[in-house]
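**Q** Below you'll find the structure I mean.
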Amino acid sequence: MKSTLLAKVILNYILFLSIGFIILCTFTQHSLNAYTENREAQRLYREATQVAGNYARNYFNSELSLQDFQTQMESLGQYLSAEIWIVDNQGDILLDSSDASIGKNAANANFTTLDGFDTSDFGNSYYMTGKFYHSFPEKMLSVYSPVTSNYRVKSYVMIHKPVSVIAQNSNGMMNIIFYTVGLIALSALFFLILFLLDIYRPIRLLTATAKSYASGDFEPRTGISRNDEVGYLAKTMDYMATELNTLEDDQRKFISNVSHDFRSPLTSIKGYVEAMMDGTIPPEMQEKYFNIILFETERLAKLTQGILDLNQFGHRGMMLDLSDFDINRMIKTTILTFEGTCSQKGLSFDLVLTGQELFVHADMSKIQQVLYNLIDNATKFSHPNNSIKIETSMKNEKALISVKDYGIGIPADSIKKIWERFYKTDLSRGRDKRGTGLGLAIVREIIQAHKEHINVISTEGVGTEFLFTLPLAQKEVQS
């Protein structure tokens with residue numbers, strides 16, 4: 001059977017009430033009975049001591065008559081709801097507040113002797129519970145106090161009170177406790193209902209929504225708008241669903257783009273190899289098609305490396321090896337790798353660099369990759385016999401680097417899409433046959449990893465300019 005939060009809460013509530021009731025009926029009841037009994041014993045002991053020190057002493061000193069003594073003990077016994085005895089050292093009852101006929105000095109000389117009477121049976125206490133030498137049919141609380149005269153114990157004052165009477169007081173207090181606990185239980189039930197309304201219902205909704213996400217349906221939203229932890233969790237889940245939905249679309253797009261970019265060169269390679277194997281392409285023309293196969297292989301290798309690079313730049317960012325280096329020198333070194341391409345297209349570089357040296361604080365190898373990709377794009381999309389302008393400057397303790405070409409430009413509706421992976425302005429027949437659509441995505445990931453910004457300004461048919469910032473080295477800032 002499935003265990004739910006609601007069932008657990010209700011079960012725990014019932015368990016709490018049951019354990020509380022058991023504790024009340026055992027430990028609390030026993031402790032309260034013991035406390036009530038001890039307190040009543042103290043009260044009776046004080047009365048016994050007063051009787052022994054006043055009335056009994058006066059009686060034995062012949063200052064108080066037996067009748068007056070009996071009358072006073074009867075009144076006190078009724079007040080205490082108890083029986084008062086005067087017992088001598090041999091265990092003979094000299095006086096009984098409840099029966100005037102009992103007593104050694106009574107008119108009929110009718111008295112009772114307690115068999116085995118010994119005050120040492122009380123131990124270190126001044127009271128005991130029981131039937132007191134089988135003198136009573138029910139359990140009694142018995143308290144004693146010695147009556148002394150001339151430093152000798154002449155008798156004892158015994159006060160006996162039924163334990164059942166004492167228990168009635170204890171039961172009355174227990175009833176009050178039960179009523180109080182009952183009110184607390186009702187209050188707890190009220191707060192439990194509030195919990196179910198305020199916490200459990202949203203949790204059920206969150207659980208149902210999470211199940212939809214687990215099954216691949218990212219459309220449902222929690223619809224919970226609160227400013228507490230539950231509301232924060234709901235907003236987080238809604239955001240997660242949006243991201244997962246976007247990620248799913250990106251995955252489909254990624255697979256589609258990868259399939260397209262891999263299929264084209266693989267088809268070419270397969271076709272040319274089969275044509276050479278079956279003799280369709282004669283041996284004297286095979287060198288030309290070997291070069292095409294080599295070109296397509298290099299394109300596949302470049303595409304694979306681009307995917308591996310982007311895979312490093314996940315949501316957790318990338319590891320940067322930060323150091324100070326001269327960005328001007330890096331630009332000069334990087335453009336040398338494009339000497340052959342520029343010669344073929346008649347392109348030239350126009351360098352407008354700030355100072356002889358401009359040191360920045362960044363990852364040298366990754367910034368070189370940024371420059372290579374931007375310059376590579378500029379050479380590919382520039383018109384023949386034109387120039388590419390590369391400029392560096394300083395602004396607000398940042399180095400600003402610009403790579404500008406005067407080529408075909410980027411359509412206005414494609415400006416925001418150029419940073420997407422595998423995006424090309426014409427996926428099927430773009431001018432860039434060697435491109436993978438990953439270069440600018442890699443560029444943006446690297447610049448963002450440095451917590452810097454990159455922007456593009458382009459007009460179709462006029463040209464394109466890419467601008468990005470890098471932090472200046474500390475010595476540049478100080479100078």
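To be explicit about the labels: the chains of the structure tokens are called A, B, and onward in the order shown, and within each one the residues are counted from 1, while ligands get numbers from 1 in the order they are shown.
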Env of Arg329 in chain A: 10 Å cut, atoms = only C-alpha atoms, seq-sep filter 6 positions within chain, self excluded. Answer as a PDB file with N, CA and C atoms, in the first residue's frame.
**A**
```pdb
ATOM      1  N   LEU A 353      45.742  49.776 -33.261  1.00  0.00           N
ATOM      2  CA  LEU A 353      45.993  49.240 -31.934  1.00  0.00           C
ATOM      3  C   LEU A 353      46.437  50.344 -30.982  1.00  0.00           C
ATOM      4  N   GLN A 356      51.973  50.470 -28.000  1.00  0.00           N
ATOM      5  CA  GLN A 356      52.793  49.375 -28.492  1.00  0.00           C
ATOM      6  C   GLN A 356      52.354  48.048 -27.868  1.00  0.00           C
ATOM      7  N   GLU A 357      51.940  48.123 -26.614  1.00  0.00           N
ATOM      8  CA  GLU A 357      51.485  46.945 -25.879  1.00  0.00           C
ATOM      9  C   GLU A 357      50.187  47.261 -25.139  1.00  0.00           C
ATOM     10  N   LEU A 358      49.300  46.286 -25.052  1.00  0.00           N
ATOM     11  CA  LEU A 358      48.060  46.442 -24.281  1.00  0.00           C
ATOM     12  C   LEU A 358      47.808  45.108 -23.554  1.00  0.00           C
ATOM     13  N   PHE A 359      48.110  45.102 -22.262  1.00  0.00           N
ATOM     14  CA  PHE A 359      48.006  43.854 -21.500  1.00  0.00           C
ATOM     15  C   PHE A 359      46.603  43.688 -20.917  1.00  0.00           C
TER      16      PHE A 359
END
```
**Q** Neighbours of Gln344 in chain A within 12 Å (only C-alpha atoms; same-chain residues fewer than 2 positions away dropped), as number ranges by chain?
**A** A: 338-342, 346-348, 379-380, 383-386
**Q** So that I can check the surroundings of range 72-78 of chain A, please list as a ChimeraX atom specification every protein, DNA and RNA residue that reaches within 9 Å of it, counting only C-alpha atoms and ignoring chain neighbours fewer than 3 positions away.
**A** /A:47,51,55,67-69,81-85,95-100,159
**Q** To one decimal in Å, tell me the separation between CA of Phe132 in chain A and CA of Arg152 in chain A.
**A**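 We find that CA of Phe132 in chain A and CA of Arg152 in chain A lie 24.4 Å from each other.
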**Q** Determine the nearest neighbour of Leu32 in chain A from the options A:Leu400, A:Ile166, A:Val230, A:Leu470, counting only C-alpha atoms.
**A**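 Of A:Leu400, A:Ile166, A:Val230, A:Leu470, the one nearest Leu32 in chain A is A:Ile166, counting only C-alpha atoms.
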**Q** Please produce, as a Markdown table, a per-residue contact table for range 294-401 of chain A versus range 456-468 of chain A (criterion: any atom at most 10 Å away, only C-alpha atoms considered), showing the nearest atom pair and its distance in Å to one decimal, sorted by chain then residue number.
**A**
```
| residue | atom | partner | partner_atom | distance |
| --- | --- | --- | --- | --- |
| A:Val370 | CA | A:Phe468 | CA | 9.8 |
| A:Leu374 | CA | A:Phe466 | CA | 7.5 |
| A:Ile375 | CA | A:Phe466 | CA | 9.8 |
| A:Asn377 | CA | A:Thr464 | CA | 9.8 |
| A:Ala378 | CA | A:Thr464 | CA | 8.0 |
| A:Phe381 | CA | A:Gly463 | CA | 8.6 |
| A:Ser382 | CA | A:Gly463 | CA | 7.7 |
| A:His383 | CA | A:Gly463 | CA | 9.3 |
| A:Ile388 | CA | A:Glu465 | CA | 9.7 |
| A:Lys389 | CA | A:Glu465 | CA | 8.9 |
| A:Ile390 | CA | A:Glu465 | CA | 9.4 |
| A:Glu391 | CA | A:Leu467 | CA | 9.3 |
| A:Thr392 | CA | A:Leu467 | CA | 9.6 |
| A:Lys398 | CA | A:Phe468 | CA | 9.8 |
| A:Ala399 | CA | A:Phe468 | CA | 8.3 |
| A:Leu400 | CA | A:Phe468 | CA | 5.9 |
| A:Ile401 | CA | A:Phe468 | CA | 5.5 |
```
**Q** Using the selection just defined, write its residues with C-alpha atoms as a PDB file, in the first residue's frame.
**A**
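again-v3.pdb was written with the following content:
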```pdb
ATOM      1  CA  VAL A 370      37.987  33.871 -30.040  1.00  0.00           C
ATOM      2  CA  LEU A 374      36.107  36.151 -35.538  1.00  0.00           C
ATOM      3  CA  ILE A 375      38.894  36.798 -38.069  1.00  0.00           C
ATOM      4  CA  ASN A 377      34.431  34.712 -40.237  1.00  0.00           C
ATOM      5  CA  ALA A 378      35.620  38.104 -41.460  1.00  0.00           C
ATOM      6  CA  PHE A 381      32.336  36.815 -45.677  1.00  0.00           C
ATOM      7  CA  SER A 382      34.428  39.759 -46.922  1.00  0.00           C
ATOM      8  CA  HIS A 383      34.228  40.846 -50.542  1.00  0.00           C
ATOM      9  CA  ILE A 388      39.458  43.842 -42.420  1.00  0.00           C
ATOM     10  CA  LYS A 389      39.801  46.376 -39.617  1.00  0.00           C
ATOM     11  CA  ILE A 390      40.955  45.232 -36.163  1.00  0.00           C
ATOM     12  CA  GLU A 391      40.999  47.819 -33.405  1.00  0.00           C
ATOM     13  CA  THR A 392      41.869  47.867 -29.684  1.00  0.00           C
ATOM     14  CA  LYS A 398      38.402  47.413 -19.919  1.00  0.00           C
ATOM     15  CA  ALA A 399      40.080  46.542 -23.175  1.00  0.00           C
ATOM     16  CA  LEU A 400      37.661  46.864 -26.125  1.00  0.00           C
ATOM     17  CA  ILE A 401      38.530  44.721 -29.170  1.00  0.00           C
TER      18      ILE A 401
END
```
**Q** When you draw a straight line from CA of Tyr239 in chain A to CA of Arg252 in chain A, how long is it in Å?
**A**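 Result for CA of Tyr239 in chain A versus CA of Arg252 in chain A: 20.0 Å, one decimal.
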**Q** Name the closest residue to Ala188 in chain A among the candidates A:Leu17, A:Gly130, A:Asp118, A:Val403; distances are taken between atoms, counting only C-alpha atoms.
**A**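 Smallest separation from Ala188 in chain A among the options: A:Leu17.
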**Q** Determine the nearest neighbour of Ser343 in chain A from the options A:Ser125, A:Thr148, A:Ser387, A:Ile203, counting only C-alpha atoms.
**A**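 For Ser343 in chain A, the nearest of the given residues is A:Ser387.
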**Q** Calculated over only C-alpha atoms, which of the candidates A:Ser268, A:Asn169, A:Thr180, A:Ser145 has the smallest distance to Arg46 in chain A?
**A**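 The closest residue to Arg46 in chain A is A:Ser145.
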**Q** Do you know which residues are at most 12 Å from Gln368 in chain A counting only C-alpha atoms, after dropping those on the same chain fewer than 4 positions away, and could you put them as number ranges by chain?
**A** A: 325-335, 337, 362-364, 372-376, 443, 446-447
**Q** Contacts of Lys235 in chain A at 10 Å or less, counting only C-alpha atoms, minus same-chain residues fewer than 3 places along, as a PyMOL selection string?
**A** chain A and resi 221-227+229-232+238-241
**Q** Just the selected residues (N, CA, C and O atoms), exported as a JSON list (two decimals), in the first residue's frame, please.
**A**
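Just written: part-v4.json:
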```json
[["chain", "number", "residue", "atom", "x", "y", "z"],
["A", 221, "ARG", "N", 1.91, 23.94, -15.29],
["A", 221, "ARG", "CA", 2.56, 24.82, -14.33],
["A", 221, "ARG", "C", 1.87, 24.67, -12.98],
["A", 221, "ARG", "O", 0.70, 24.32, -12.91],
["A", 222, "THR", "N", 2.58, 24.94, -11.91],
["A", 222, "THR", "CA", 2.03, 24.73, -10.57],
["A", 222, "THR", "C", 0.91, 25.71, -10.26],
["A", 222, "THR", "O", -0.04, 25.37, -9.56],
["A", 223, "GLY", "N", 1.01, 26.93, -10.74],
["A", 223, "GLY", "CA", -0.01, 27.94, -10.46],
["A", 223, "GLY", "C", -0.02, 28.40, -9.02],
["A", 223, "GLY", "O", -0.99, 29.01, -8.56],
["A", 224, "ILE", "N", 1.05, 28.14, -8.28],
["A", 224, "ILE", "CA", 1.15, 28.54, -6.87],
["A", 224, "ILE", "C", 1.91, 29.85, -6.79],
["A", 224, "ILE", "O", 3.03, 29.97, -7.29],
["A", 225, "SER", "N", 1.29, 30.84, -6.17],
["A", 225, "SER", "CA", 1.93, 32.15, -6.01],
["A", 225, "SER", "C", 1.96, 32.50, -4.52],
["A", 225, "SER", "O", 1.00, 32.97, -3.95],
["A", 226, "ARG", "N", 3.09, 32.22, -3.90],
["A", 226, "ARG", "CA", 3.28, 32.49, -2.47],
["A", 226, "ARG", "C", 4.69, 33.02, -2.25],
["A", 226, "ARG", "O", 5.56, 32.85, -3.10],
["A", 227, "ASN", "N", 4.90, 33.64, -1.10],
["A", 227, "ASN", "CA", 6.21, 34.22, -0.78],
["A", 227, "ASN", "C", 6.97, 33.41, 0.26],
["A", 227, "ASN", "O", 7.89, 33.93, 0.88],
["A", 229, "GLU", "N", 8.54, 29.23, 1.45],
["A", 229, "GLU", "CA", 9.37, 28.19, 0.85],
["A", 229, "GLU", "C", 8.60, 27.39, -0.21],
["A", 229, "GLU", "O", 9.18, 26.99, -1.23],
["A", 230, "VAL", "N", 7.31, 27.15, 0.04],
["A", 230, "VAL", "CA", 6.51, 26.41, -0.94],
["A", 230, "VAL", "C", 6.39, 27.20, -2.24],
["A", 230, "VAL", "O", 6.51, 26.65, -3.34],
["A", 231, "GLY", "N", 6.17, 28.52, -2.11],
["A", 231, "GLY", "CA", 6.10, 29.36, -3.30],
["A", 231, "GLY", "C", 7.42, 29.38, -4.05],
["A", 231, "GLY", "O", 7.44, 29.36, -5.29],
["A", 232, "TYR", "N", 8.52, 29.43, -3.30],
["A", 232, "TYR", "CA", 9.84, 29.41, -3.95],
["A", 232, "TYR", "C", 10.06, 28.09, -4.70],
["A", 232, "TYR", "O", 10.56, 28.08, -5.83],
["A", 238, "ASP", "N", 8.52, 25.69, -11.92],
["A", 238, "ASP", "CA", 8.05, 26.31, -13.16],
["A", 238, "ASP", "C", 9.23, 26.71, -14.05],
["A", 238, "ASP", "O", 9.21, 26.51, -15.26],
["A", 239, "TYR", "N", 10.24, 27.30, -13.40],
["A", 239, "TYR", "CA", 11.43, 27.70, -14.16],
["A", 239, "TYR", "C", 12.13, 26.47, -14.75],
["A", 239, "TYR", "O", 12.57, 26.47, -15.91],
["A", 240, "MET", "N", 12.22, 25.41, -13.93],
["A", 240, "MET", "CA", 12.85, 24.17, -14.40],
["A", 240, "MET", "C", 12.11, 23.59, -15.60],
["A", 240, "MET", "O", 12.72, 23.14, -16.57],
["A", 241, "ALA", "N", 10.77, 23.65, -15.54],
["A", 241, "ALA", "CA", 9.98, 23.12, -16.65],
["A", 241, "ALA", "C", 10.23, 23.90, -17.93],
["A", 241, "ALA", "O", 10.36, 23.33, -19.01]]
```
**Q** What lies within 10 Å of Tyr133 in chain A using only C-alpha atoms, ignoring chain neighbours under 5 positions off, as a ChimeraX atom specification?
**A** /A:114-117
**Q** Kindly indicate which residue among A:Arg299, A:Ile281, A:Ile14, A:Met276 lies nearest to Arg263 in chain A, using only C-alpha atoms for the distances.
**A**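 Closest candidate: A:Arg299.
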**Q** Range 448-451 of chain A: which residues within 10 Å, counting only C-alpha atoms, same-chain residues fewer than 2 positions away excluded, as a ChimeraX atom specification?
**A** /A:313,316-320,322,361-363,367,442-446,453-454,469-471
